[in-house]
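Raw structure-v2.pdb, PDB, C-alpha atoms:
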MODEL        1
ATOM      1  CA  MET A   1      -4.043 -35.511 -88.573
ATOM      2  CA  PRO A   2      -4.371 -39.297 -88.214
ATOM      3  CA  ASP A   3      -7.013 -40.939 -86.049
ATOM      4  CA  VAL A   4      -5.221 -41.955 -82.838
ATOM      5  CA  VAL A   5      -8.118 -42.108 -80.355
ATOM      6  CA  GLY A   6      -8.126 -45.445 -78.551
ATOM      7  CA  LYS A   7      -4.476 -46.173 -79.313
ATOM      8  CA  GLN A   8      -1.629 -46.512 -76.837
ATOM      9  CA  LEU A   9       0.167 -43.206 -76.472
ATOM     10  CA  ASP A  10       3.486 -44.505 -77.828
ATOM     11  CA  VAL A  11       1.733 -45.793 -80.955
ATOM     12  CA  ALA A  12      -0.251 -42.560 -81.327
ATOM     13  CA  LEU A  13       2.869 -40.404 -81.133
ATOM     14  CA  SER A  14       4.536 -42.582 -83.738
ATOM     15  CA  ASP A  15       1.507 -42.234 -86.043
ATOM     16  CA  VAL A  16       1.529 -38.448 -85.694
ATOM     17  CA  GLU A  17       5.241 -38.325 -86.465
ATOM     18  CA  ARG A  18       4.826 -40.529 -89.544
ATOM     19  CA  ALA A  19       2.046 -38.210 -90.720
ATOM     20  CA  GLY A  20       4.679 -35.497 -91.049
ATOM     21  CA  PHE A  21       4.342 -33.532 -87.830
ATOM     22  CA  GLY A  22       7.756 -33.443 -86.195
ATOM     23  CA  ASP A  23       7.201 -30.847 -83.460
ATOM     24  CA  ASP A  24       6.288 -31.683 -79.869
ATOM     25  CA  VAL A  25       2.850 -33.106 -79.232
ATOM     26  CA  GLU A  26       0.988 -31.738 -76.201
ATOM     27  CA  VAL A  27      -0.125 -34.569 -73.920
ATOM     28  CA  LEU A  28      -2.780 -33.875 -71.283
ATOM     29  CA  GLY A  29      -3.449 -36.230 -68.392
ATOM     30  CA  GLY A  30      -1.053 -38.803 -67.064
ATOM     31  CA  GLY A  31      -2.063 -38.644 -63.418
ATOM     32  CA  MET A  32      -0.115 -37.177 -60.508
ATOM     33  CA  PHE A  33       3.288 -38.050 -61.948
ATOM     34  CA  GLY A  34       2.661 -37.360 -65.611
ATOM     35  CA  VAL A  35       3.417 -39.857 -68.339
ATOM     36  CA  VAL A  36       6.417 -42.030 -67.511
ATOM     37  CA  ASP A  37       5.749 -45.110 -69.657
ATOM     38  CA  GLU A  38       3.841 -44.069 -72.796
ATOM     39  CA  SER A  39       2.644 -47.627 -73.425
ATOM     40  CA  ASN A  40       0.645 -47.517 -70.163
ATOM     41  CA  TRP A  41      -1.623 -44.685 -71.388
ATOM     42  CA  THR A  42      -4.441 -44.596 -73.940
ATOM     43  CA  VAL A  43      -5.488 -41.622 -76.069
ATOM     44  CA  CYS A  44      -9.088 -40.719 -75.198
ATOM     45  CA  SER A  45      -9.432 -37.582 -77.340
ATOM     46  CA  GLN A  46      -7.421 -35.623 -79.866
ATOM     47  CA  GLU A  47      -7.179 -32.111 -81.302
ATOM     48  CA  PRO A  48      -7.357 -31.570 -84.222
ATOM     49  CA  GLU A  49      -9.770 -34.240 -85.400
ATOM     50  CA  ASN A  50      -8.914 -37.014 -87.798
ATOM     51  CA  GLY A  51      -8.230 -35.689 -91.290
ATOM     52  CA  THR A  52      -7.771 -32.082 -90.201
ATOM     53  CA  LYS A  53      -4.703 -30.143 -91.345
ATOM     54  CA  VAL A  54      -2.183 -29.746 -88.522
ATOM     55  CA  ASP A  55      -1.211 -26.083 -88.066
ATOM     56  CA  THR A  56      -0.237 -26.151 -84.382
ATOM     57  CA  ALA A  57       0.996 -28.794 -81.965
ATOM     58  CA  PRO A  58      -1.560 -31.625 -81.731
ATOM     59  CA  ARG A  59      -3.133 -32.160 -78.330
ATOM     60  CA  LEU A  60      -3.761 -35.670 -77.025
ATOM     61  CA  THR A  61      -5.701 -36.346 -73.836
ATOM     62  CA  VAL A  62      -4.782 -39.637 -72.178
ATOM     63  CA  ASP A  63      -5.997 -41.895 -69.389
ATOM     64  CA  ARG A  64      -5.382 -45.454 -68.237
ATOM     65  CA  THR A  65      -8.556 -46.543 -70.022
ATOM     66  CA  CYS A  66     -11.213 -44.690 -72.010
ATOM     67  CA  ASP A  67     -14.478 -46.225 -70.833
ATOM     68  CA  GLY A  68     -17.151 -44.159 -72.500
ATOM     69  CA  ASP A  69     -19.054 -41.996 -70.041
ATOM     70  CA  ASP A  70     -16.669 -42.815 -67.207
ATOM     71  CA  ALA A  71     -13.713 -41.462 -69.198
ATOM     72  CA  ALA A  72     -15.674 -38.260 -69.864
ATOM     73  CA  GLY A  73     -16.264 -37.843 -66.157
ATOM     74  CA  SER A  74     -20.061 -38.095 -66.241
ATOM     75  CA  ALA A  75     -21.903 -38.578 -62.969
ATOM     76  CA  PRO A  76     -23.430 -41.980 -62.174
ATOM     77  CA  GLU A  77     -27.161 -42.421 -62.666
ATOM     78  CA  SER A  78     -29.327 -41.374 -59.760
ATOM     79  CA  GLY A  79     -30.004 -44.178 -57.345
ATOM     80  CA  SER A  80     -27.058 -46.264 -58.501
ATOM     81  CA  SER A  81     -25.735 -48.438 -55.686
ATOM     82  CA  GLU A  82     -22.507 -49.496 -57.415
ATOM     83  CA  PRO A  83     -19.431 -48.757 -55.299
ATOM     84  CA  ASP A  84     -16.739 -46.401 -56.539
ATOM     85  CA  MET A  85     -14.081 -48.753 -57.887
ATOM     86  CA  ASP A  86     -11.546 -45.937 -58.250
ATOM     87  CA  ALA A  87     -11.468 -44.938 -54.586
ATOM     88  CA  TYR A  88      -7.703 -45.106 -54.238
ATOM     89  CA  SER A  89      -6.288 -42.179 -52.285
ATOM     90  CA  TYR A  90      -2.630 -41.653 -51.471
ATOM     91  CA  GLN A  91      -2.064 -41.027 -47.755
ATOM     92  CA  GLY A  92       1.738 -41.017 -47.524
ATOM     93  CA  PRO A  93       4.334 -38.261 -47.250
ATOM     94  CA  GLN A  94       4.948 -35.781 -50.041
ATOM     95  CA  TYR A  95       7.542 -36.863 -52.557
ATOM     96  CA  GLU A  96       8.975 -36.020 -55.954
ATOM     97  CA  ILE A  97      10.264 -38.285 -58.704
ATOM     98  CA  VAL A  98      13.588 -36.591 -59.417
ATOM     99  CA  THR A  99      14.700 -38.670 -62.398
ATOM    100  CA  VAL A 100      13.630 -41.809 -64.232
ATOM    101  CA  ASP A 101      15.886 -44.282 -66.038
ATOM    102  CA  GLU A 102      14.138 -46.684 -68.388
ATOM    103  CA  ASN A 103      15.123 -50.174 -69.590
ATOM    104  CA  GLN A 104      17.546 -50.834 -66.755
ATOM    105  CA  ARG A 105      19.463 -54.118 -66.466
ATOM    106  CA  SER A 106      18.564 -57.207 -68.472
ATOM    107  CA  ALA A 107      14.985 -57.057 -67.164
ATOM    108  CA  LYS A 108      14.489 -53.685 -68.932
ATOM    109  CA  LEU A 109      12.734 -52.241 -65.879
ATOM    110  CA  THR A 110      12.116 -48.585 -65.092
ATOM    111  CA  HIS A 111      14.266 -47.093 -62.339
ATOM    112  CA  HIS A 112      12.727 -44.280 -60.277
ATOM    113  CA  TRP A 113      14.797 -41.892 -58.135
ATOM    114  CA  ILE A 114      12.486 -40.430 -55.505
ATOM    115  CA  TYR A 115      13.013 -37.488 -53.182
ATOM    116  CA  THR A 116      11.079 -37.062 -49.944
ATOM    117  CA  GLY A 117      11.558 -34.821 -46.939
ATOM    118  CA  PRO A 118      13.267 -35.866 -43.693
ATOM    119  CA  LEU A 119      11.571 -38.738 -41.893
ATOM    120  CA  ASP A 120      11.487 -39.720 -38.241
ATOM    121  CA  TYR A 121      13.740 -42.763 -37.880
ATOM    122  CA  SER A 122      13.173 -43.146 -34.120
ATOM    123  CA  THR A 123      10.612 -45.885 -34.827
ATOM    124  CA  ALA A 124       9.975 -48.282 -37.697
ATOM    125  CA  ALA A 125       7.003 -46.157 -38.807
ATOM    126  CA  TYR A 126       9.169 -44.454 -41.428
ATOM    127  CA  LYS A 127       9.316 -47.764 -43.304
ATOM    128  CA  ASP A 128       5.548 -47.742 -43.693
ATOM    129  CA  GLN A 129       5.770 -44.212 -45.090
ATOM    130  CA  VAL A 130       8.401 -45.229 -47.633
ATOM    131  CA  LYS A 131       6.326 -48.260 -48.595
ATOM    132  CA  MET A 132       3.350 -45.966 -49.226
ATOM    133  CA  ILE A 133       5.497 -43.941 -51.637
ATOM    134  CA  ILE A 134       6.611 -47.050 -53.515
ATOM    135  CA  ALA A 135       3.048 -48.404 -53.548
ATOM    136  CA  ASP A 136       1.803 -45.092 -54.956
ATOM    137  CA  ILE A 137       4.234 -45.372 -57.845
ATOM    138  CA  ALA A 138       3.077 -48.953 -58.411
ATOM    139  CA  HIS A 139      -0.490 -47.649 -58.571
ATOM    140  CA  ALA A 140       0.454 -44.923 -61.053
ATOM    141  CA  GLU A 141       2.494 -47.295 -63.219
ATOM    142  CA  GLY A 142       0.040 -50.183 -63.016
ATOM    143  CA  THR A 143       2.838 -52.557 -62.021
ATOM    144  CA  ASN A 144       5.115 -53.376 -59.102
ATOM    145  CA  LYS A 145       7.905 -54.488 -61.421
ATOM    146  CA  PHE A 146      10.404 -51.639 -61.252
ATOM    147  CA  PHE A 147      13.385 -50.297 -59.312
ATOM    148  CA  ALA A 148      13.031 -47.383 -56.896
ATOM    149  CA  GLU A 149      15.482 -45.437 -54.769
ATOM    150  CA  VAL A 150      14.141 -43.192 -52.010
ATOM    151  CA  VAL A 151      16.422 -40.377 -50.825
ATOM    152  CA  THR A 152      16.174 -37.270 -48.660
ATOM    153  CA  ASP A 153      18.921 -35.484 -50.606
ATOM    154  CA  LYS A 154      18.326 -34.774 -54.302
ATOM    155  CA  GLU A 155      22.052 -34.673 -54.988
ATOM    156  CA  ILE A 156      22.203 -38.411 -54.350
ATOM    157  CA  ALA A 157      19.675 -39.008 -57.115
ATOM    158  CA  PHE A 158      21.415 -36.715 -59.581
ATOM    159  CA  ALA A 159      24.812 -38.235 -58.803
ATOM    160  CA  GLU A 160      23.689 -41.867 -59.051
ATOM    161  CA  SER A 161      21.088 -41.817 -61.825
ATOM    162  CA  PRO A 162      22.580 -42.844 -65.203
ATOM    163  CA  SER A 163      20.548 -40.152 -66.965
ATOM    164  CA  THR A 164      21.912 -37.286 -64.832
ATOM    165  CA  PHE A 165      25.336 -38.568 -63.743
ATOM    166  CA  GLU A 166      27.336 -36.867 -66.505
ATOM    167  CA  SER A 167      25.673 -33.483 -66.037
ATOM    168  CA  PHE A 168      26.185 -33.774 -62.274
ATOM    169  CA  ILE A 169      29.904 -34.426 -62.753
ATOM    170  CA  ALA A 170      30.146 -31.533 -65.196
ATOM    171  CA  GLU A 171      28.578 -29.186 -62.636
ATOM    172  CA  HIS A 172      30.145 -30.403 -59.382
ATOM    173  CA  GLY A 173      33.299 -32.245 -60.424
ATOM    174  CA  SER A 174      34.287 -35.877 -60.027
ATOM    175  CA  ASP A 175      35.987 -35.308 -56.655
ATOM    176  CA  TYR A 176      32.696 -34.120 -55.155
ATOM    177  CA  ALA A 177      30.849 -37.135 -56.570
ATOM    178  CA  ILE A 178      33.486 -39.589 -55.367
ATOM    179  CA  ASN A 179      34.253 -38.138 -51.927
ATOM    180  CA  THR A 180      31.228 -36.134 -50.765
ATOM    181  CA  ILE A 181      28.186 -37.912 -52.185
ATOM    182  CA  PRO A 182      28.967 -41.229 -50.411
ATOM    183  CA  GLN A 183      28.944 -39.336 -47.103
ATOM    184  CA  HIS A 184      25.494 -37.948 -47.895
ATOM    185  CA  GLU A 185      24.254 -41.402 -48.869
ATOM    186  CA  VAL A 186      24.927 -42.883 -45.431
ATOM    187  CA  THR A 187      22.017 -40.925 -43.945
ATOM    188  CA  GLY A 188      20.189 -39.668 -47.034
ATOM    189  CA  TRP A 189      19.650 -42.848 -49.036
ATOM    190  CA  ILE A 190      16.680 -44.339 -47.211
ATOM    191  CA  ALA A 191      15.613 -47.303 -49.275
ATOM    192  CA  SER A 192      16.339 -49.253 -52.441
ATOM    193  CA  TYR A 193      13.393 -51.212 -53.861
ATOM    194  CA  THR A 194      13.669 -54.028 -56.395
ATOM    195  CA  GLY A 195      10.555 -55.527 -57.929
ATOM    196  CA  GLY A 196      10.988 -58.293 -60.471
ATOM    197  CA  PHE A 197      14.758 -58.700 -60.849
ATOM    198  CA  ASP A 198      16.863 -61.569 -59.529
ATOM    199  CA  TYR A 199      20.371 -60.232 -58.912
ATOM    200  CA  ASN A 200      21.808 -63.719 -58.486
ATOM    201  CA  ALA A 201      20.555 -64.859 -61.890
ATOM    202  CA  SER A 202      20.818 -61.353 -63.390
ATOM    203  CA  GLU A 203      17.408 -61.653 -65.007
ATOM    204  CA  ALA A 204      13.749 -60.767 -64.638
ATOM    205  CA  SER A 205      11.888 -63.078 -62.284
ATOM    206  CA  ASP A 206       8.685 -63.506 -60.283
ATOM    207  CA  SER A 207      10.429 -65.477 -57.560
ATOM    208  CA  ALA A 208      10.879 -64.377 -53.951
ATOM    209  CA  ASP A 209      14.525 -63.700 -54.740
ATOM    210  CA  ALA A 210      13.458 -60.981 -57.182
ATOM    211  CA  ILE A 211      11.764 -58.691 -54.653
ATOM    212  CA  GLU A 212      13.246 -56.761 -51.767
ATOM    213  CA  VAL A 213      13.668 -53.449 -50.017
ATOM    214  CA  ILE A 214      17.107 -52.577 -48.705
ATOM    215  CA  TRP A 215      16.864 -50.025 -45.912
ATOM    216  CA  PHE A 216      19.758 -47.527 -45.845
ATOM    217  CA  PRO A 217      21.711 -49.320 -48.588
ATOM    218  CA  ALA A 218      24.801 -47.108 -48.131
ATOM    219  CA  ALA A 219      24.993 -47.681 -44.375
ATOM    220  CA  ALA A 220      24.275 -50.632 -42.062
ATOM    221  CA  SER A 221      21.697 -52.067 -44.438
ATOM    222  CA  GLU A 222      18.729 -54.295 -43.657
ATOM    223  CA  VAL A 223      16.969 -56.390 -46.309
ATOM    224  CA  GLU A 224      13.209 -56.962 -46.257
ATOM    225  CA  LYS A 225      11.221 -59.106 -48.681
ATOM    226  CA  TRP A 226       8.295 -56.912 -49.735
ATOM    227  CA  MET A 227       6.450 -55.916 -52.891
ATOM    228  CA  PRO A 228       3.452 -53.550 -53.101
ATOM    229  CA  ASP A 229       0.075 -54.693 -54.369
ATOM    230  CA  VAL A 230      -1.063 -52.958 -57.537
ATOM    231  CA  VAL A 231      -4.231 -51.089 -56.588
ATOM    232  CA  GLY A 232      -6.331 -50.432 -59.658
TER     233      GLY A 232
ENDMDL
END

Can I see the file as structure tokens?
Amino acid sequence: MPDVVGKQLDVALSDVERAGFGDDVEVLGGGMFGVVDESNWTVCSQEPENGTKVDTAPRLTVDRTCDGDDAAGSAPESGSSEPDMDAYSYQGPQYEIVTVDENQRSAKLTHHWIYTGPLDYSTAAYKDQVKMIIADIAHAEGTNKFFAEVVTDKEIAFAESPSTFESFIAEHGSDYAINTIPQHEVTGWIASYTGGFDYNASEASDSADAIEVIWFPAAASEVEKWMPDVVG
């Protein structure tokens, strides 16, 4: 078993594979959503230890950073007055990341398809709830540069996501995808978020033209310039 503690998860997995272990590696940690981008996570501990013969699937425990005692979860010293810098707490509606497509468009951004339950559209408050979902993903990913689609019907995600489109067609048929899904999208596709991609230039960008939320993109859409802060 190679020594992979302190390495990015993608590098660690590559090292384990090169060492001759081809089976799945068990990864513990990864926050609420699990590991989406392996390069965003660091290996804090490993089983078995460096140099040990590998008889079963290696186990790697990951976190954003491995900061000594803090990574081990030790309590602060008595009398410490330092504030808790990791006080982030998600307060939005429940949601599920249905599917994830990586390296999308020329910007090579991750594309999240997100399911949430029905929202109350009688006021603009639902927009704040959707923004909390997108901001929570930004917190988990450590970046606001990604695409995100928020839907209240999982079939929309499965039918539109490049990674699940073919299996959806195989199960439901192309007629259903072409004729029925667009009807669902009118009310069930709530928002489309773009962070860091300029559609006019077809490239990654930090300009104002590269950020937006389109509300109800399959219906009478409304565009808003907004990008979540990355809360660390």

Exercise. Rounded to one decimal place, report the atom CA of A:Arg59-atom CA of A:Leu28 distance in Å.
Key: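 The value is 7.3 Å.
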
Practice problem: Tell me which protein, DNA and RNA residues are within 8 Å of stretch 186-203 of chain A, counting only C-alpha atoms, leaving out same-chain ones fewer than 3 positions away, and put them as a PyMOL selection string. | Solution: chain A and resi 105-107+130+134+144-153+156+182-183+206-207+209-219+227

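On the file presented, the PyMOL selection byres ((chain A and resi 143) around 10) picks out Asn40, Ala135, Ile137, Ala138, His139, Ala140, Glu141, Gly142, Asn144, Lys145, Phe146, Gly195, Pro228, Asp229, Val230, Val231 and Gly232 of chain A.
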
Quiz item: Mind listing as number ranges by chain all residues within 8 Å of (2.1, -49.4, -77.0), counting all atoms listed in the file?
Solution: A: 7-11, 38-40

Quiz item: Hey, what's within 10 Å of A:Pro48 if we count all atoms listed in the file and toss same-chain stuff fewer than 4 positions away? As a list in words, please?
Solution: Met1, Pro2, Asp3, Thr52, Lys53, Val54, Asp55, Thr56, Ala57, Pro58, Arg59 and Leu60 of chain A

Self-check item: d(atom CA of A:Val27, atom CA of A:Val5) in Å
Solution: 12.7 Å

Expected axis-aligned box over every listed atom of stretch 187-198 of chain A, 3 Å added per side, centre plus edges in Å to one decimal, as AutoDock Vina command-line options:
--center_x 16.3 --center_y -50.6 --center_z -52.4 --size_x 17.5 --size_y 27.9 --size_z 22.9

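The two atoms in question, atom CA of A:Thr110 and atom CA of A:Asp136, are spaced 14.9 Å apart.
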
Exercise. Kindly indicate which residue among A:Pro162, A:Gly6, A:Gly51, A:Gly117 lies nearest to A:Glu102, using all atoms listed in the file for the distances.
Key: A:Pro162

Quiz item: Which one is closest to A:Thr61: A:Glu26, A:Asp128, A:Glu166, A:Glu222? Count all atoms listed in the file.
Solution: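 Once distances to A:Thr61 are computed over all atoms listed in the file, the minimum belongs to A:Glu26.
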
Practice problem: Tell me which protein, DNA and RNA residues are within 7 Å of stretch 94-96 of chain A, counting all atoms listed in the file, leaving out same-chain ones fewer than 4 positions away, and put them as a count of residues only. | Solution: 3
